[in-house]
Amino acid sequence: MNAQKDRLTGIDLFLSHYSEIERQISGNGQAWFQGIRRHAIDRFAELGIPTTRAEDWKHTNLSPLTRISFSPAAAEARQVDEARARLDEFTFGGWDAHRIVFVNGRFSEELSSLGGLRDGVKLTSLAKALNSERESVEPHLGKYACHQEHPFVALNTALMRDGAFVCIPPGLVLEKPLHLLFVTAGEENTPVVSHPRNLIVCGSASEVRIVESYVGCAGEVYLTNAVTEIAVGEGAVVDHYRLQQEKEEAFHLATVQIHQERDSHLTTHVISTGSALNRNDVTSVLDGEGITCKMQGLFLTAGHQHVDNHTLLDHAKPHCSSRELFKGILDDKSSGAFTGRVVVRPNAQKTDSMQSSRNLLLSDSATVDPDPQLEIYADDVKCTHGATVGQLDPDAVFYLRTRGIDEAAARGLLTYAFANEVIEQIRIGPLRDHLEGFIAKRYRKEAFKEG
């Protein structure tokens with residue numbers, strides 16, 4: 001029977017995972033959420049795993065994923081030790097932040113740094129919060145990321161075991177950032193899967209900076225299917241960073257669903273540099289007057305990597321502003337896609353929105369498909385969008401070479417300058433330095449030496 005289970009793939013495999021988790025968590029204090037799980041797995045079975053025939057998935061072929069027999073990831077002593085050995089690297093040189101760590105999707109108290117939190121701030125395991133913080137979790141969990149329409153949100157809702165629960169009380173300004181760190185330490189010759197679920201609730205007039213990062217230790221094949229819900233209260237200010245630097249053999253599917261209330265200000269950065277295949281779905285609903293939302297993205301691909309970004313800025317109320325910029329740098333035979341929608345609802349007058357997708361191809365074999373979209377159902381708005389795809393300017397390369405810089409270094413400098421429009425907007429120094437170093441290393445570090 002075990003051998004038969006090992007051969008399961010695709011939908012049947014994940015349905016078998018649900019049968020296992022249903023037995024394991026029954027009677028553990030989460031009965032109130034069990035009905036939601038059951039409904040979600042039924043919906044996943046109905047929706048299935050998308051193919052390229054589906055409009056929203058036409059740029060991403062998931063067939064390689066459906067042929068792999070993933071096992072639910074475990075967080076045993078070996079995996080925790082492996083994560084501990086690289087913790088300094090994963091925390092940007094020991095960056096000073098309140099840190100919560102998950103290894104293979106499971107909370108690791110020994111690797112986390114949760115001391116010194118301000119009174120009223122909650123930074124804990126979602127698995128614990130499901131039991132002990134129901135009054136804080138239930139009004140929000142599953143209310144923004146809808147499992148009715150998205151198969152991998154449905155799968156995450158059914159199979160999630162853990163993740164981060166963040167709750168910032170009204171009026172509190174949190175000076176020290178929060179770092180939600182997810183480490184996958186693979187098992188030799190055993191592809192594993194985890195379904196991290198994060199819930200971030202920011203009270204009215206609160207301020208917080210949050211880094212959500214996903215990294216891998218080993219070169220094994222694995223799948224991360226992550227969902228993050230962010231509730232931004234009235235007048236709150238939230239600076240959110242999502243960094244995906246998984247291993248080259250990994251699959252990474254991500255959904256970020258944001259709900260903003262009146263006069264709130266949110267900035268979110270979606271940065272992807274790792275994994276063989278990465279799909280990001282990022283949505284913000286501007287559900288009150290006076291909201292501002294800034295959505296920025298940067299993806300760097302090489303080899304045969306593929307990144308597909310889908311975004312939605314949903315202007316549901318009047319007098320709101322949004323700015324969106326996604327940049328891609330693609331090399332070798334890698335590929336990318338950007339589908340960005342800005343929707344202005346009928347009563348959302350005085351909307352001010354700008355959207356841009358800019359892409360740089362470093363090789364003749366790299367490809368990218370940008371598709372910015374506007375859907376406007378109001379008549380008193382100011383909305384623009386655009387997309388560009390190009391290569392490095394040969395005149396600029398020539399100019400730098402006349403100043404004594406070799407061609408590879410010149411190309412590296414120009415590539416860095418292209419990325420820097422997004423990088424310079426990062427307000428957390430250690431994270432910004434980390435990404436600058438990564439870019440310098442990838443695009444000829446000689447170009448960045450002093451002098």
# chains A, B, ... in the order shown; residues from 1 in each chain; ligands from 1
call {"tool": "residues_around", "arguments": {"residues": "Asp331 (chain A)", "least_positions_apart": "6", "cutoff": "12 Å", "atoms": "only C-alpha atoms", "output": "list in words"}}
result
Thr273, Phe299, Leu300, Thr301, Ala302, Gly303, His304, Gln305, His306, Asn359, Leu360, Leu361, Leu362, Ser363, Asp364, Ser365, Ala366, Thr367, Val368, Gln391, Leu392, Thr415, Arg442 and Tyr443 of chain A
call {"tool": "write_last_selection", "arguments": {"atoms": "C-alpha atoms", "output": "short mmCIF file (atom, residue, chain, number, x, y, z; two decimals), in the first residue's frame"}}
result
data_model
loop_
_atom_site.label_atom_id
_atom_site.label_comp_id
_atom_site.auth_asym_id
_atom_site.auth_seq_id
_atom_site.Cartn_x
_atom_site.Cartn_y
_atom_site.Cartn_z
CA THR A 273 15.50 35.26 -7.74
CA PHE A 299 12.49 39.12 -10.83
CA LEU A 300 15.89 37.86 -11.97
CA THR A 301 16.05 34.67 -14.03
CA ALA A 302 18.80 32.61 -15.63
CA GLY A 303 19.26 29.11 -17.01
CA HIS A 304 15.78 27.68 -17.59
CA GLN A 305 14.04 29.49 -14.73
CA HIS A 306 10.47 30.73 -15.17
CA ASN A 359 11.85 44.05 -18.86
CA LEU A 360 15.48 43.59 -19.80
CA LEU A 361 16.62 40.63 -21.92
CA LEU A 362 20.30 39.76 -21.52
CA SER A 363 20.29 37.01 -24.15
CA ASP A 364 18.60 36.31 -27.46
CA SER A 365 17.08 33.13 -26.02
CA ALA A 366 15.33 34.73 -23.03
CA THR A 367 11.62 35.58 -23.39
CA VAL A 368 9.06 37.60 -21.45
CA GLN A 391 18.10 44.80 -24.34
CA LEU A 392 21.06 46.73 -22.98
CA THR A 415 22.05 45.78 -15.43
CA ARG A 442 25.27 37.45 -10.55
CA TYR A 443 26.09 40.23 -13.01
#
call {"tool": "select_by_dssp", "arguments": {"residues": "region 70-213 of chain A", "states": "alpha helix (DSSP H)", "output": "ChimeraX atom specification"}}
result
/A:77-85,87-90,126-132,134-137,151-159
call {"tool": "select_by_dssp", "arguments": {"residues": "region 198-251 of chain A", "states": "strand (DSSP E)", "output": "PyMOL selection string"}}
result
chain A and resi 198-202+207-216+222-232+237-245+251
call {"tool": "write_last_selection", "arguments": {"atoms": "C-alpha atoms", "output": "PDB file, in the first residue's frame"}}
result
ATOM      1  CA  ASN A 198       0.471  33.509   7.079  1.00  0.00           C
ATOM      2  CA  LEU A 199      -2.079  35.873   8.593  1.00  0.00           C
ATOM      3  CA  ILE A 200      -1.041  39.485   9.238  1.00  0.00           C
ATOM      4  CA  VAL A 201      -3.521  41.804  10.967  1.00  0.00           C
ATOM      5  CA  CYS A 202      -2.524  45.462  11.373  1.00  0.00           C
ATOM      6  CA  GLU A 207       2.883  51.022  11.615  1.00  0.00           C
ATOM      7  CA  VAL A 208       5.032  47.979  10.846  1.00  0.00           C
ATOM      8  CA  ARG A 209       7.698  46.692   8.455  1.00  0.00           C
ATOM      9  CA  ILE A 210       7.590  42.992   7.582  1.00  0.00           C
ATOM     10  CA  VAL A 211       9.980  40.797   5.596  1.00  0.00           C
ATOM     11  CA  GLU A 212       8.644  37.428   4.450  1.00  0.00           C
ATOM     12  CA  SER A 213      11.451  35.325   2.970  1.00  0.00           C
ATOM     13  CA  TYR A 214      11.636  31.823   1.489  1.00  0.00           C
ATOM     14  CA  VAL A 215      14.969  30.021   1.124  1.00  0.00           C
ATOM     15  CA  GLY A 216      16.264  26.494   0.594  1.00  0.00           C
ATOM     16  CA  TYR A 222      10.572  20.438  -3.450  1.00  0.00           C
ATOM     17  CA  LEU A 223       7.363  22.458  -3.656  1.00  0.00           C
ATOM     18  CA  THR A 224       6.366  25.458  -1.551  1.00  0.00           C
ATOM     19  CA  ASN A 225       2.723  26.529  -1.836  1.00  0.00           C
ATOM     20  CA  ALA A 226       2.401  29.639   0.334  1.00  0.00           C
ATOM     21  CA  VAL A 227      -0.536  31.943   1.078  1.00  0.00           C
ATOM     22  CA  THR A 228      -0.346  35.244   2.968  1.00  0.00           C
ATOM     23  CA  GLU A 229      -3.354  37.331   3.989  1.00  0.00           C
ATOM     24  CA  ILE A 230      -2.779  40.920   5.128  1.00  0.00           C
ATOM     25  CA  ALA A 231      -5.507  43.045   6.741  1.00  0.00           C
ATOM     26  CA  VAL A 232      -4.500  46.722   6.865  1.00  0.00           C
ATOM     27  CA  VAL A 237       1.063  52.108   7.446  1.00  0.00           C
ATOM     28  CA  VAL A 238       2.504  48.761   6.305  1.00  0.00           C
ATOM     29  CA  ASP A 239       5.773  48.111   4.491  1.00  0.00           C
ATOM     30  CA  HIS A 240       5.819  44.494   3.264  1.00  0.00           C
ATOM     31  CA  TYR A 241       8.638  42.649   1.485  1.00  0.00           C
ATOM     32  CA  ARG A 242       8.353  39.190  -0.012  1.00  0.00           C
ATOM     33  CA  LEU A 243      11.669  37.598  -0.991  1.00  0.00           C
ATOM     34  CA  GLN A 244      11.780  34.264  -2.836  1.00  0.00           C
ATOM     35  CA  GLN A 245      15.278  32.738  -3.062  1.00  0.00           C
ATOM     36  CA  PHE A 251       8.747  24.927  -7.389  1.00  0.00           C
TER      37      PHE A 251
END
call {"tool": "closest_residue", "arguments": {"among": "A:Ile25, A:Pro72, A:Gly93, A:Leu15", "to": "Gly48 (chain A)", "atoms": "only C-alpha atoms"}}
result
A:Leu15
call {"tool": "closest_residue", "arguments": {"among": "A:Thr91, A:Thr351, A:Thr60, A:Ser272", "to": "Ser113 (chain A)", "atoms": "only C-alpha atoms"}}
result
A:Thr91
call {"tool": "residues_around", "arguments": {"residues": "region 258-263 of chain A", "least_positions_apart": "2", "cutoff": "10 Å", "atoms": "only C-alpha atoms", "output": "ChimeraX atom specification"}}
result
/A:143-145,200-202,204-205,228-237,255-256,265-266,268,282-293,313-314,317,319-320
call {"tool": "closest_residue", "arguments": {"among": "A:Ser335, A:Asn131, A:Gln296, A:Ser69", "to": "Val422 (chain A)", "atoms": "only C-alpha atoms"}}
result
A:Gln296
call {"tool": "residues_around", "arguments": {"residues": "Arg345 (chain A)", "least_positions_apart": "5", "cutoff": "10 Å", "atoms": "only C-alpha atoms", "output": "MDAnalysis selection string"}}
result
chainID A and resid 314:318 351 375:378
call {"tool": "atom_distance", "arguments": {"atom1": "CA of Glu248 (chain A)", "atom2": "CA of Val221 (chain A)"}}
result
8.5 Å
call {"tool": "closest_residue", "arguments": {"among": "A:His434, A:Gly336, A:Arg37, A:Ile329", "to": "Leu414 (chain A)", "atoms": "only C-alpha atoms"}}
result
A:Ile329
call {"tool": "closest_residue", "arguments": {"among": "A:Gly94, A:Gly105, A:Gly340, A:Gly120", "to": "Glu324 (chain A)", "atoms": "only C-alpha atoms"}}
result
A:Gly340
call {"tool": "residues_around", "arguments": {"residues": "region 133-135 of chain A", "least_positions_apart": "5", "cutoff": "10 Å", "atoms": "only C-alpha atoms", "output": "ChimeraX atom specification"}}
result
/A:29-30,32-33,122,126-128,140-141,165
call {"tool": "write_last_selection", "arguments": {"atoms": "N, CA and C atoms", "output": "PDB file, in the first residue's frame"}}
result
ATOM      1  N   GLY A  29      -8.303  20.839  18.943  1.00  0.00           N
ATOM      2  CA  GLY A  29      -8.744  22.190  19.253  1.00  0.00           C
ATOM      3  C   GLY A  29      -9.045  23.028  18.028  1.00  0.00           C
ATOM      4  N   GLN A  30      -8.894  22.477  16.817  1.00  0.00           N
ATOM      5  CA  GLN A  30      -9.135  23.240  15.609  1.00  0.00           C
ATOM      6  C   GLN A  30     -10.426  22.810  14.903  1.00  0.00           C
ATOM      7  N   TRP A  32     -13.248  24.074  14.780  1.00  0.00           N
ATOM      8  CA  TRP A  32     -13.970  25.163  14.132  1.00  0.00           C
ATOM      9  C   TRP A  32     -13.475  25.409  12.704  1.00  0.00           C
ATOM     10  N   PHE A  33     -12.242  25.006  12.402  1.00  0.00           N
ATOM     11  CA  PHE A  33     -11.679  25.231  11.079  1.00  0.00           C
ATOM     12  C   PHE A  33     -11.815  24.007  10.170  1.00  0.00           C
ATOM     13  N   LYS A 122       1.479  40.415  18.662  1.00  0.00           N
ATOM     14  CA  LYS A 122       1.472  38.953  18.580  1.00  0.00           C
ATOM     15  C   LYS A 122       2.289  38.519  17.370  1.00  0.00           C
ATOM     16  N   LEU A 126       0.922  30.111  13.583  1.00  0.00           N
ATOM     17  CA  LEU A 126      -0.502  30.079  13.272  1.00  0.00           C
ATOM     18  C   LEU A 126      -1.153  28.809  13.816  1.00  0.00           C
ATOM     19  N   ALA A 127      -0.400  27.700  13.834  1.00  0.00           N
ATOM     20  CA  ALA A 127      -0.947  26.456  14.377  1.00  0.00           C
ATOM     21  C   ALA A 127      -1.349  26.635  15.842  1.00  0.00           C
ATOM     22  N   LYS A 128      -0.522  27.352  16.606  1.00  0.00           N
ATOM     23  CA  LYS A 128      -0.861  27.641  18.001  1.00  0.00           C
ATOM     24  C   LYS A 128      -2.029  28.609  18.083  1.00  0.00           C
ATOM     25  N   HIS A 140     -10.521  36.792  10.271  1.00  0.00           N
ATOM     26  CA  HIS A 140      -9.675  37.136   9.133  1.00  0.00           C
ATOM     27  C   HIS A 140      -9.222  35.936   8.297  1.00  0.00           C
ATOM     28  N   LEU A 141      -8.944  34.806   8.931  1.00  0.00           N
ATOM     29  CA  LEU A 141      -8.358  33.683   8.206  1.00  0.00           C
ATOM     30  C   LEU A 141      -9.311  33.161   7.138  1.00  0.00           C
ATOM     31  N   PHE A 165       1.479  34.007  12.469  1.00  0.00           N
ATOM     32  CA  PHE A 165       0.354  34.866  12.826  1.00  0.00           C
ATOM     33  C   PHE A 165       0.921  36.140  13.431  1.00  0.00           C
TER      34      PHE A 165
END
